[in-house]
file upload15.cif (mmCIF, C-alpha atoms)
data_final
#
loop_
_atom_site.label_atom_id
_atom_site.label_comp_id
_atom_site.auth_asym_id
_atom_site.auth_seq_id
_atom_site.Cartn_x
_atom_site.Cartn_y
_atom_site.Cartn_z
CA MET A 1309 57.87 -34.63 -14.56
CA SER A 1310 58.23 -38.18 -13.33
CA ASN A 1311 61.37 -38.31 -11.19
CA GLY A 1312 61.65 -38.04 -7.43
CA THR A 1313 58.80 -37.55 -5.01
CA VAL A 1314 55.13 -36.85 -5.62
CA VAL A 1315 52.45 -35.47 -3.33
CA ARG A 1316 48.80 -36.49 -3.45
CA ILE A 1317 46.44 -33.57 -2.96
CA LYS A 1318 42.67 -33.39 -2.70
CA ILE A 1319 41.22 -30.07 -3.81
CA THR A 1320 37.65 -29.24 -2.85
CA LEU A 1321 35.70 -26.26 -4.16
CA ASP A 1322 34.21 -24.72 -1.02
CA ASP A 1323 30.53 -23.85 -0.47
CA VAL A 1324 29.32 -25.41 -3.73
CA THR A 1325 26.54 -28.02 -4.03
CA PRO A 1326 26.65 -30.59 -5.62
CA ALA A 1327 30.20 -31.27 -4.39
CA VAL A 1328 33.14 -30.52 -6.69
CA SER A 1329 36.60 -31.96 -5.98
CA ARG A 1330 39.73 -33.25 -7.68
CA THR A 1331 42.41 -35.63 -6.40
CA LEU A 1332 45.79 -35.24 -8.06
CA GLU A 1333 49.38 -36.33 -7.75
CA VAL A 1334 51.96 -33.68 -8.56
CA PRO A 1335 55.75 -33.52 -8.18
CA LEU A 1336 56.67 -32.33 -4.70
CA ASN A 1337 59.13 -29.88 -6.27
CA ILE A 1338 56.53 -28.27 -8.57
CA ARG A 1339 56.65 -24.47 -8.71
CA LEU A 1340 53.57 -22.82 -7.26
CA ASP A 1341 52.70 -21.00 -10.48
CA ARG A 1342 52.67 -24.37 -12.24
CA LEU A 1343 50.55 -25.87 -9.46
CA HIS A 1344 48.09 -23.05 -10.15
CA THR A 1345 48.03 -24.12 -13.82
CA VAL A 1346 47.45 -27.75 -12.80
CA ILE A 1347 44.49 -26.77 -10.60
CA GLN A 1348 43.05 -24.62 -13.38
CA THR A 1349 43.36 -27.56 -15.78
CA ALA A 1350 41.88 -30.10 -13.37
CA PHE A 1351 38.79 -27.93 -12.74
CA SER A 1352 38.59 -26.61 -16.32
CA TRP A 1353 38.74 -23.03 -15.08
CA THR A 1354 39.72 -20.57 -17.82
CA ASP A 1355 42.55 -18.72 -16.01
CA PHE A 1356 41.11 -15.29 -16.84
CA HIS A 1357 41.16 -14.00 -13.26
CA LEU A 1358 43.58 -13.22 -10.45
CA TRP A 1359 44.46 -15.98 -8.01
CA GLU A 1360 46.33 -16.59 -4.77
CA MET A 1361 47.62 -19.62 -2.90
CA SER A 1362 47.69 -19.14 0.88
CA PHE A 1363 49.67 -21.11 3.43
CA GLY A 1364 48.48 -19.67 6.73
CA GLN A 1365 49.17 -15.93 6.52
CA THR A 1366 51.59 -16.27 3.60
CA GLY A 1367 50.15 -15.77 0.12
CA PHE A 1368 51.70 -16.57 -3.24
CA GLY A 1369 50.63 -15.38 -6.67
CA ILE A 1370 51.92 -13.26 -9.54
CA PRO A 1371 52.88 -9.90 -8.00
CA ASP A 1372 51.42 -6.79 -9.61
CA PRO A 1373 53.78 -3.77 -9.46
CA GLU A 1374 50.74 -1.56 -8.75
CA TYR A 1375 50.32 -3.27 -5.37
CA GLY A 1376 53.83 -2.41 -4.24
CA PHE A 1377 54.95 -4.62 -1.33
CA ASP A 1378 51.41 -5.49 -0.23
CA GLY A 1379 50.86 -8.11 -2.92
CA PRO A 1380 51.56 -11.83 -2.74
CA LEU A 1381 55.01 -13.43 -2.86
CA ASP A 1382 56.10 -14.54 -6.33
CA ALA A 1383 54.73 -18.04 -7.00
CA ARG A 1384 57.29 -18.44 -9.81
CA LYS A 1385 60.09 -18.39 -7.23
CA ALA A 1386 58.71 -20.94 -4.76
CA THR A 1387 58.10 -24.67 -4.91
CA LEU A 1388 55.52 -26.71 -3.07
CA ALA A 1389 58.33 -28.61 -1.33
CA GLN A 1390 59.91 -25.41 0.00
CA VAL A 1391 56.66 -23.92 1.26
CA LEU A 1392 55.46 -27.13 2.92
CA ALA A 1393 58.83 -27.51 4.65
CA ASP A 1394 58.80 -23.88 5.80
CA THR A 1395 55.20 -23.81 7.01
CA ARG A 1396 54.82 -27.46 8.12
CA ARG A 1397 51.23 -27.39 6.89
CA LYS A 1398 49.03 -30.26 5.69
CA THR A 1399 46.41 -27.95 4.18
CA PHE A 1400 46.38 -24.71 2.26
CA ARG A 1401 43.95 -22.49 0.35
CA TYR A 1402 43.63 -21.62 -3.32
CA LEU A 1403 41.52 -18.60 -4.28
CA TYR A 1404 40.53 -18.04 -7.89
CA ASP A 1405 38.81 -14.86 -9.09
CA PHE A 1406 38.86 -12.23 -6.35
CA GLY A 1407 35.42 -10.99 -7.46
CA ASP A 1408 33.49 -14.27 -7.44
CA ALA A 1409 35.85 -15.67 -4.78
CA TRP A 1410 36.03 -19.35 -5.68
CA GLU A 1411 37.77 -20.72 -2.59
CA HIS A 1412 39.37 -24.16 -2.77
CA SER A 1413 40.57 -26.20 0.22
CA VAL A 1414 43.69 -28.22 -0.57
CA LYS A 1415 44.64 -31.17 1.63
CA ILE A 1416 47.93 -33.05 1.47
CA GLU A 1417 46.93 -36.73 1.57
CA ARG A 1418 50.30 -38.40 1.18
CA VAL A 1419 53.86 -38.06 -0.06
CA SER A 1420 55.44 -40.98 -1.92
CA ALA A 1421 58.02 -41.97 -4.49
CA ALA A 1422 57.09 -41.22 -8.09
CA SER A 1423 56.37 -44.19 -10.32
CA PRO A 1424 58.80 -44.52 -13.24
CA HIS A 1425 55.86 -45.69 -15.38
CA LEU A 1426 53.71 -42.60 -14.86
CA THR A 1427 53.90 -38.96 -15.89
CA TYR A 1428 52.98 -36.17 -13.52
CA PRO A 1429 50.80 -34.22 -12.86
CA LEU A 1430 48.26 -37.03 -12.70
CA ILE A 1431 44.53 -36.95 -11.97
CA LEU A 1432 43.27 -39.78 -9.74
CA ASP A 1433 39.67 -38.74 -9.17
CA ALA A 1434 37.27 -36.02 -10.28
CA VAL A 1435 33.86 -35.37 -8.75
CA GLY A 1436 31.36 -32.82 -9.99
CA MET A 1437 31.37 -30.13 -12.65
CA ARG A 1438 32.59 -26.74 -11.55
CA PRO A 1439 30.15 -23.82 -11.85
CA PRO A 1440 30.33 -21.46 -14.83
CA GLU A 1441 32.70 -18.55 -14.31
CA ASP A 1442 31.39 -15.06 -13.60
CA CYS A 1443 28.12 -16.35 -12.12
CA GLY A 1444 28.47 -14.60 -8.76
CA GLY A 1445 30.56 -17.07 -6.76
CA PRO A 1446 29.14 -19.90 -4.63
CA TRP A 1447 26.14 -17.91 -3.38
CA GLY A 1448 25.31 -16.37 -6.74
CA TYR A 1449 25.58 -19.83 -8.30
CA ALA A 1450 23.23 -21.33 -5.70
CA GLU A 1451 20.67 -18.56 -6.33
CA LYS A 1452 20.91 -19.03 -10.09
CA LEU A 1453 20.48 -22.81 -9.77
CA GLU A 1454 17.32 -22.24 -7.76
CA ALA A 1455 16.01 -19.77 -10.36
CA LEU A 1456 16.98 -22.08 -13.23
CA GLY A 1457 14.92 -24.92 -11.79
CA ASP A 1458 11.79 -22.76 -11.39
CA PRO A 1459 10.31 -21.32 -14.61
CA GLN A 1460 8.12 -19.04 -12.46
CA HIS A 1461 11.11 -17.56 -10.60
CA GLU A 1462 11.52 -13.82 -11.17
CA TYR A 1463 15.19 -14.37 -12.13
CA HIS A 1464 14.63 -17.48 -14.27
CA GLU A 1465 15.51 -15.71 -17.52
CA GLU A 1466 18.65 -14.17 -15.99
CA ALA A 1467 19.73 -17.63 -14.77
CA LEU A 1468 19.13 -19.03 -18.26
CA ASP A 1469 21.34 -16.31 -19.73
CA THR A 1470 24.13 -16.93 -17.22
CA LEU A 1471 24.06 -20.72 -16.91
CA GLY A 1472 22.46 -21.78 -20.19
CA ASP A 1473 19.38 -23.95 -20.59
CA ASP A 1474 21.51 -27.09 -20.84
CA HIS A 1475 23.40 -26.52 -17.57
CA ASP A 1476 23.40 -29.69 -15.45
CA PRO A 1477 24.85 -29.24 -11.94
CA ASN A 1478 24.98 -33.04 -11.58
CA ALA A 1479 27.08 -33.60 -14.72
CA GLN A 1480 30.42 -35.30 -14.25
CA PRO A 1481 33.76 -34.04 -15.57
CA ASP A 1482 35.42 -35.38 -18.71
CA ILE A 1483 38.31 -37.20 -17.03
CA PRO A 1484 40.00 -38.35 -20.28
CA LEU A 1485 40.07 -34.71 -21.45
CA ILE A 1486 41.63 -33.59 -18.15
CA GLU A 1487 44.17 -36.43 -18.41
CA ALA A 1488 45.12 -35.34 -21.93
CA ARG A 1489 45.55 -31.72 -20.88
CA LEU A 1490 47.69 -32.70 -17.88
CA GLU A 1491 49.83 -34.92 -20.11
CA ALA A 1492 50.37 -31.94 -22.40
CA LEU A 1493 51.55 -29.91 -19.41
CA ALA A 1494 53.93 -32.71 -18.35
CA LYS A 1495 55.48 -32.72 -21.84
CA LYS A 1496 55.73 -28.94 -21.90
CA TRP A 1497 57.48 -28.88 -18.53
CA ALA A 1498 59.75 -31.90 -19.12
CA PRO A 1499 63.45 -31.08 -18.71
CA ARG A 1500 65.14 -30.45 -22.04
CA THR A 1501 67.98 -32.80 -22.85
CA ARG A 1502 71.06 -30.90 -23.95
CA ARG A 1503 72.72 -31.98 -27.12
CA LYS A 1504 76.38 -32.81 -26.91
CA ALA A 1505 78.60 -30.52 -28.91
#
call {"tool": "encode", "arguments": {"input": "upload15.cif", "output": "structure tokens"}}
result
Amino acid sequence: MSNGTVVRIKITLDDVTPAVSRTLEVPLNIRLDRLHTVIQTAFSWTDFHLWEMSFGQTGFGIPDPEYGFDGPLDARKATLAQVLADTRRKTFRYLYDFGDAWEHSVKIERVSAASPHLTYPLILDAVGMRPPEDCGGPWGYAEKLEALGDPQHEYHEEALDTLGDDHDPNAQPDIPLIEARLEALAKKWAPRTRRKA
């Protein structure tokens, strides 16, 4: 995906210390379900949980027939360009895992022409390692970090089991690995050239 227009977005994981954020450039016409995959890849989430992207009061995700008409709009049928044009928003929300509730704030930083020498999606900056999944969300993670750092804490052993004894909240992400995974997505999503008969 390298033609046309790209949008630079900064995604910040809310209520988590140390800070965790990613700055990316993605095609403006990217489908929202693919944007979800890009965010998952950039943060190294495992995509095992439900998610929703919210633009004001309008939510997009993968509808579940069990929810009837109360579920989100189909993210596979909407592009970022369409939704930004319709809502005129510069920010939106991304929620991953309805149980742990990992909320992400997404800010549109700029829209520009795509470079013919680059492939998109592209990671520009990555700060902080995201918390382990299924650790209780931002508040559960904060409590477990406190317990992990205090061998006398009554929940120290539980924190060790959840986070691991080698967990380092100040570790930095493996940017080359993220780049490689995003490149793989770009190749997977590249338009197929039709062979002439």
call {"tool": "closest_residue", "arguments": {"input": "upload15.cif", "among": "A:Pro1371, A:Gly1457, A:Pro1429, A:Gly1445", "to": "A:Val1346", "atoms": "all atoms listed in the file"}}
result
A:Pro1429
call {"tool": "closest_residue", "arguments": {"input": "upload15.cif", "among": "A:Arg1418, A:Lys1495, A:His1344, A:Arg1401", "to": "A:Gly1367", "atoms": "all atoms listed in the file"}}
result
A:Arg1401
call {"tool": "residues_around", "arguments": {"input": "upload15.cif", "residues": "A:Gly1448", "least_positions_apart": "5", "cutoff": "10 Å", "atoms": "all atoms listed in the file", "output": "PyMOL selection string"}}
result
chain A and resi 1408+1442-1443+1453-1454+1467
call {"tool": "closest_residue", "arguments": {"input": "upload15.cif", "among": "A:Leu1358, A:Val1419, A:Ala1386, A:Leu1321", "to": "A:Leu1336", "atoms": "all atoms listed in the file"}}
result
A:Val1419
call {"tool": "residues_around", "arguments": {"input": "upload15.cif", "residues": "A:Pro1326", "least_positions_apart": "4", "cutoff": "12 Å", "atoms": "all atoms listed in the file", "output": "ChimeraX atom specification"}}
result
/A:1320-1322,1435-1439,1446,1449-1450,1453,1476-1480
call {"tool": "atom_distance", "arguments": {"input": "upload15.cif", "atom1": "atom CA of A:Glu1441", "atom2": "atom CA of A:Ile1319"}}
result
17.8 Å
call {"tool": "residues_around", "arguments": {"input": "upload15.cif", "residues": "A:Gln1365", "least_positions_apart": "6", "cutoff": "12 Å", "atoms": "all atoms listed in the file", "output": "PyMOL selection string"}}
result
chain A and resi 1380-1381+1395+1397+1400-1401
call {"tool": "closest_residue", "arguments": {"input": "upload15.cif", "among": "A:Ala1383, A:Ala1389, A:Leu1490, A:Leu1485", "to": "A:Ser1362", "atoms": "only C-alpha atoms"}}
result
A:Ala1383
call {"tool": "closest_residue", "arguments": {"input": "upload15.cif", "among": "A:Ala1488, A:Val1328, A:Ile1416, A:Ala1498", "to": "A:Phe1351", "atoms": "only C-alpha atoms"}}
result
A:Val1328
